[in-house]
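Engineer: Next up, target.tsv (TSV, C-alpha atoms and all ligand atoms).
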```
chain	number	residue	atom	x	y	z
H	8	MET	CA	22.63	72.45	142.56
H	9	ASP	CA	21.61	70.21	145.42
H	10	ASN	CA	23.57	68.96	148.42
H	11	LYS	CA	24.22	65.61	146.77
H	12	ASP	CA	26.14	67.32	143.91
H	13	ILE	CA	28.17	69.44	146.29
H	14	SER	CA	29.20	66.52	148.44
H	15	ARG	CA	30.13	64.43	145.36
H	16	ARG	CA	32.23	67.32	144.00
H	17	ASP	CA	33.79	67.79	147.41
H	18	PHE	CA	34.59	64.09	147.60
H	19	ILE	CA	36.27	64.14	144.16
H	20	GLN	CA	38.34	67.21	145.08
H	21	ARG	CA	39.54	65.54	148.26
H	22	LEU	CA	40.35	62.37	146.38
H	23	SER	CA	42.53	64.29	143.89
H	24	LEU	CA	44.32	66.07	146.74
H	25	PHE	CA	45.20	62.72	148.28
H	26	GLY	CA	46.46	61.58	144.89
H	27	VAL	CA	48.73	64.59	144.56
H	28	ALA	CA	49.92	64.17	148.12
H	29	GLY	CA	50.70	60.51	147.43
H	30	VAL	CA	52.76	61.34	144.34
H	31	GLY	CA	54.53	64.12	146.25
H	32	ALA	CA	55.39	61.77	149.09
H	33	ALA	CA	56.75	59.16	146.67
H	34	SER	CA	58.90	61.81	144.95
H	35	LEU	CA	60.16	63.03	148.30
H	36	LEU	CA	61.01	59.50	149.42
H	37	SER	CA	62.78	58.84	146.14
H	38	ALA	CA	64.80	62.07	146.39
H	39	CYS	CA	65.81	61.21	149.93
H	40	GLY	CA	66.88	57.73	148.94
H	41	GLY	CA	63.92	56.23	150.76
H	42	GLY	CA	62.85	54.28	147.69
H	43	GLU	CA	65.06	51.53	146.40
H	44	GLN	CA	68.14	50.56	148.31
H	45	GLN	CA	71.29	51.67	146.54
H	46	PRO	CA	74.31	49.40	146.71
H	47	ALA	CA	76.60	50.60	149.42
H	48	THR	CA	79.91	52.04	148.40
H	49	PRO	CA	82.56	49.51	149.29
H	50	ALA	CA	84.77	50.54	152.13
H	51	PRO	CA	87.96	48.53	151.80
H	52	ALA	CA	89.40	49.85	155.04
H	53	ALA	CA	92.18	47.34	155.58
H	54	PRO	CA	93.48	47.14	151.99
H	55	GLN	CA	93.35	50.92	151.70
H	56	ALA	CA	95.47	51.30	154.81
H	57	ALA	CA	98.02	48.92	153.28
H	58	ALA	CA	98.23	51.03	150.11
H	59	GLU	CA	98.75	54.18	152.17
H	60	GLU	CA	101.59	52.51	154.07
H	61	GLU	CA	103.33	51.80	150.75
H	62	GLY	CA	103.62	55.51	150.15
H	63	PHE	CA	100.92	56.56	147.75
H	64	THR	CA	97.25	56.19	147.10
H	65	CYS	CA	95.19	56.70	143.98
H	66	MET	CA	91.85	57.40	145.58
H	67	ASP	CA	91.67	61.15	144.87
H	68	THR	CA	88.52	61.65	142.80
H	69	SER	CA	88.38	65.43	143.18
H	70	GLY	CA	88.86	66.05	139.44
H	71	LEU	CA	86.16	63.64	138.35
H	72	THR	CA	82.53	64.21	137.48
H	73	GLU	CA	79.84	62.70	139.67
H	74	MET	CA	79.13	60.13	136.95
H	75	GLU	CA	82.79	59.08	136.81
H	76	VAL	CA	82.92	58.74	140.59
H	77	ASN	CA	79.73	56.68	140.54
H	78	MET	CA	81.16	54.35	137.89
H	79	ARG	CA	84.33	53.98	139.93
H	80	ASN	CA	82.25	53.05	142.95
H	81	GLN	CA	79.98	50.71	141.01
H	82	LEU	CA	83.00	48.84	139.67
H	83	GLN	CA	84.29	48.72	143.27
H	84	TYR	CA	87.68	50.21	142.46
H	85	THR	CA	90.17	49.89	145.30
H	86	ASP	CA	93.88	50.66	145.60
H	87	THR	CA	94.69	47.19	146.89
H	88	SER	CA	93.32	44.14	145.14
H	89	PRO	CA	91.28	41.71	147.22
H	90	GLU	CA	91.70	39.12	144.44
H	91	GLU	CA	94.99	37.24	144.52
H	92	GLY	CA	96.82	37.52	141.22
H	93	LYS	CA	94.44	40.15	139.85
H	94	THR	CA	95.77	43.69	139.98
H	95	CYS	CA	95.55	46.70	137.72
H	96	SER	CA	99.19	46.21	136.70
H	97	ASN	CA	98.31	42.89	135.04
H	98	CYS	CA	94.97	44.08	133.68
H	99	ALA	CA	94.58	44.64	129.94
H	100	LEU	CA	92.91	48.00	130.60
H	101	TYR	CA	95.68	49.49	132.77
H	102	GLN	CA	97.90	52.24	131.44
H	103	PRO	CA	101.02	52.68	133.58
H	104	PRO	CA	102.31	56.15	134.43
H	105	ALA	CA	104.62	57.73	131.87
H	106	THR	CA	107.17	58.41	134.60
H	107	ALA	CA	108.74	56.07	137.13
H	108	ASP	CA	107.02	53.56	139.40
H	109	GLY	CA	105.40	54.77	142.58
H	110	GLN	CA	102.79	56.84	140.81
H	111	CYS	CA	99.24	56.29	139.74
H	112	GLY	CA	98.48	55.10	136.26
H	113	THR	CA	95.22	55.35	134.38
H	114	CYS	CA	92.60	52.99	133.04
H	115	THR	CA	90.57	52.94	129.86
H	116	VAL	CA	87.38	52.11	131.80
H	117	VAL	CA	87.72	53.58	135.30
H	118	LYS	CA	88.47	57.30	135.25
H	119	GLY	CA	90.82	58.92	137.69
H	120	PRO	CA	94.11	57.79	139.23
H	121	ILE	CA	94.68	54.03	139.25
H	122	HIS	CA	97.06	52.20	141.58
H	123	PRO	CA	99.12	49.40	139.99
H	124	ASP	CA	98.12	47.18	142.94
H	125	GLY	CA	94.47	48.18	142.55
H	126	TYR	CA	91.51	46.25	141.29
H	127	CYS	CA	87.96	46.60	140.07
H	128	THR	CA	85.28	44.19	138.90
H	129	SER	CA	86.11	44.91	135.23
H	130	TRP	CA	89.55	43.34	135.60
H	131	ALA	CA	90.65	41.47	132.45
H	132	LEU	CA	93.91	39.56	132.13
H	133	LYS	CA	96.50	41.38	130.07
H	134	PRO	CA	97.51	39.23	127.09
H	135	ALA	CA	101.01	37.76	127.38
H	201	LIG	FE1	92.28	48.30	137.28
H	201	LIG	FE2	89.73	47.77	136.78
H	201	LIG	FE3	91.01	49.46	135.21
H	201	LIG	FE4	91.62	46.88	135.12
H	201	LIG	S1	89.66	47.79	134.54
H	201	LIG	S2	93.08	48.61	135.20
H	201	LIG	S3	91.32	46.27	137.27
H	201	LIG	S4	90.60	49.74	137.40
```
Rewrite the structure of this file - the entire thing - as structure tokens.

Structural biologist:
Amino acid sequence: MDNKDISRRDFIQRLSLFGVAGVGAASLLSACGGGEQQPATPAPAAPQAAAEEEGFTCMDTSGLTEMEVNMRNQLQYTDTSPEEGKTCSNCALYQPPATADGQCGTCTVVKGPIHPDGYCTSWALKPA
């Protein structure tokens, strides 16, 4: 074994360590959200405040799985529709509460409580 072999072996070992370190750094960045930008969760501050003033909100997601909450966020569900004439109450997918008005209904797509004045990007006009 001569010095040339040792230095070549040493070089290859160092190269593989850098490779592992590079993969580790990429994984760490990905886990920390440093990779791709995720779409920001919408924060409908003003409409939400309006819904709260009306007496009830349907934004409690405490009983939902993480996946259901993510879907709700991805579809940009909000208690107060930003789209004139498009609300959950006139959406084909809305299921009103079994009891009186003033309570949250449900939806066949978005899990969790759904406000009749709410909206999401899956809105579809209820057939007449
Ligand atoms: Fe509301 Fe969207 Fe469900 Fe329609 S699909 S009822 S707009 S949450």

Engineer: Which one of H:Cys98, H:Cys111, H:Leu71, H:Leu132 sits closest to ligand LIG 201 (chain H) if you count only C-alpha atoms and all ligand atoms?

Structural biologist: H:Cys98

Engineer: Between H:Thr68, H:Ala135, H:Arg79, H:Glu91, which residue has the minimum interatomic distance to ligand LIG 201 (chain H), considering only C-alpha atoms and all ligand atoms?

Structural biologist: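 So, comparing all the options, the nearest one is H:Arg79.
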
Engineer: Could you tell me, counting all atoms listed in the file, which protein and nucleic acid residues lie no more than 10 Å from ligand LIG 201 (chain H), written as a PDB file with C-alpha atoms, in the coordinates of the input?

Structural biologist:
```
ATOM      1  CA  ARG H  79      84.330  53.980 139.930  1.00  0.00           C
ATOM      2  CA  LEU H  82      83.000  48.840 139.670  1.00  0.00           C
ATOM      3  CA  GLN H  83      84.290  48.720 143.270  1.00  0.00           C
ATOM      4  CA  TYR H  84      87.680  50.210 142.460  1.00  0.00           C
ATOM      5  CA  THR H  85      90.170  49.890 145.300  1.00  0.00           C
ATOM      6  CA  ASP H  86      93.880  50.660 145.600  1.00  0.00           C
ATOM      7  CA  THR H  87      94.690  47.190 146.890  1.00  0.00           C
ATOM      8  CA  SER H  88      93.320  44.140 145.140  1.00  0.00           C
ATOM      9  CA  LYS H  93      94.440  40.150 139.850  1.00  0.00           C
ATOM     10  CA  THR H  94      95.770  43.690 139.980  1.00  0.00           C
ATOM     11  CA  CYS H  95      95.550  46.700 137.720  1.00  0.00           C
ATOM     12  CA  SER H  96      99.190  46.210 136.700  1.00  0.00           C
ATOM     13  CA  ASN H  97      98.310  42.890 135.040  1.00  0.00           C
ATOM     14  CA  CYS H  98      94.970  44.080 133.680  1.00  0.00           C
ATOM     15  CA  ALA H  99      94.580  44.640 129.940  1.00  0.00           C
ATOM     16  CA  LEU H 100      92.910  48.000 130.600  1.00  0.00           C
ATOM     17  CA  TYR H 101      95.680  49.490 132.770  1.00  0.00           C
ATOM     18  CA  GLN H 102      97.900  52.240 131.440  1.00  0.00           C
ATOM     19  CA  PRO H 103     101.020  52.680 133.580  1.00  0.00           C
ATOM     20  CA  GLY H 112      98.480  55.100 136.260  1.00  0.00           C
ATOM     21  CA  THR H 113      95.220  55.350 134.380  1.00  0.00           C
ATOM     22  CA  CYS H 114      92.600  52.990 133.040  1.00  0.00           C
ATOM     23  CA  THR H 115      90.570  52.940 129.860  1.00  0.00           C
ATOM     24  CA  VAL H 116      87.380  52.110 131.800  1.00  0.00           C
ATOM     25  CA  VAL H 117      87.720  53.580 135.300  1.00  0.00           C
ATOM     26  CA  LYS H 118      88.470  57.300 135.250  1.00  0.00           C
ATOM     27  CA  GLY H 119      90.820  58.920 137.690  1.00  0.00           C
ATOM     28  CA  PRO H 120      94.110  57.790 139.230  1.00  0.00           C
ATOM     29  CA  ILE H 121      94.680  54.030 139.250  1.00  0.00           C
ATOM     30  CA  HIS H 122      97.060  52.200 141.580  1.00  0.00           C
ATOM     31  CA  PRO H 123      99.120  49.400 139.990  1.00  0.00           C
ATOM     32  CA  ASP H 124      98.120  47.180 142.940  1.00  0.00           C
ATOM     33  CA  GLY H 125      94.470  48.180 142.550  1.00  0.00           C
ATOM     34  CA  TYR H 126      91.510  46.250 141.290  1.00  0.00           C
ATOM     35  CA  CYS H 127      87.960  46.600 140.070  1.00  0.00           C
ATOM     36  CA  THR H 128      85.280  44.190 138.900  1.00  0.00           C
ATOM     37  CA  SER H 129      86.110  44.910 135.230  1.00  0.00           C
ATOM     38  CA  TRP H 130      89.550  43.340 135.600  1.00  0.00           C
ATOM     39  CA  ALA H 131      90.650  41.470 132.450  1.00  0.00           C
ATOM     40  CA  LEU H 132      93.910  39.560 132.130  1.00  0.00           C
ATOM     41  CA  LYS H 133      96.500  41.380 130.070  1.00  0.00           C
TER      42      LYS H 133
END
```

Engineer: Work out how far apart atom CA of Ala105 of chain H and atom CA of Met78 of chain H are and give it in Å to one decimal.

Structural biologist: 24.5 Å

Engineer: In Å, with one decimal, what is the gap from atom CA of Thr64 of chain H to atom CA of Gln110 of chain H?

Structural biologist: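 Straight-line distance from atom CA of Thr64 of chain H to atom CA of Gln110 of chain H works out to 8.4 Å.
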
Engineer: Calculate how many Å separate atom CA of Ala107 of chain H from atom CA of Gly62 of chain H, rounding to one decimal.

Structural biologist: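 Result for atom CA of Ala107 of chain H versus atom CA of Gly62 of chain H: 14.0 Å, one decimal.
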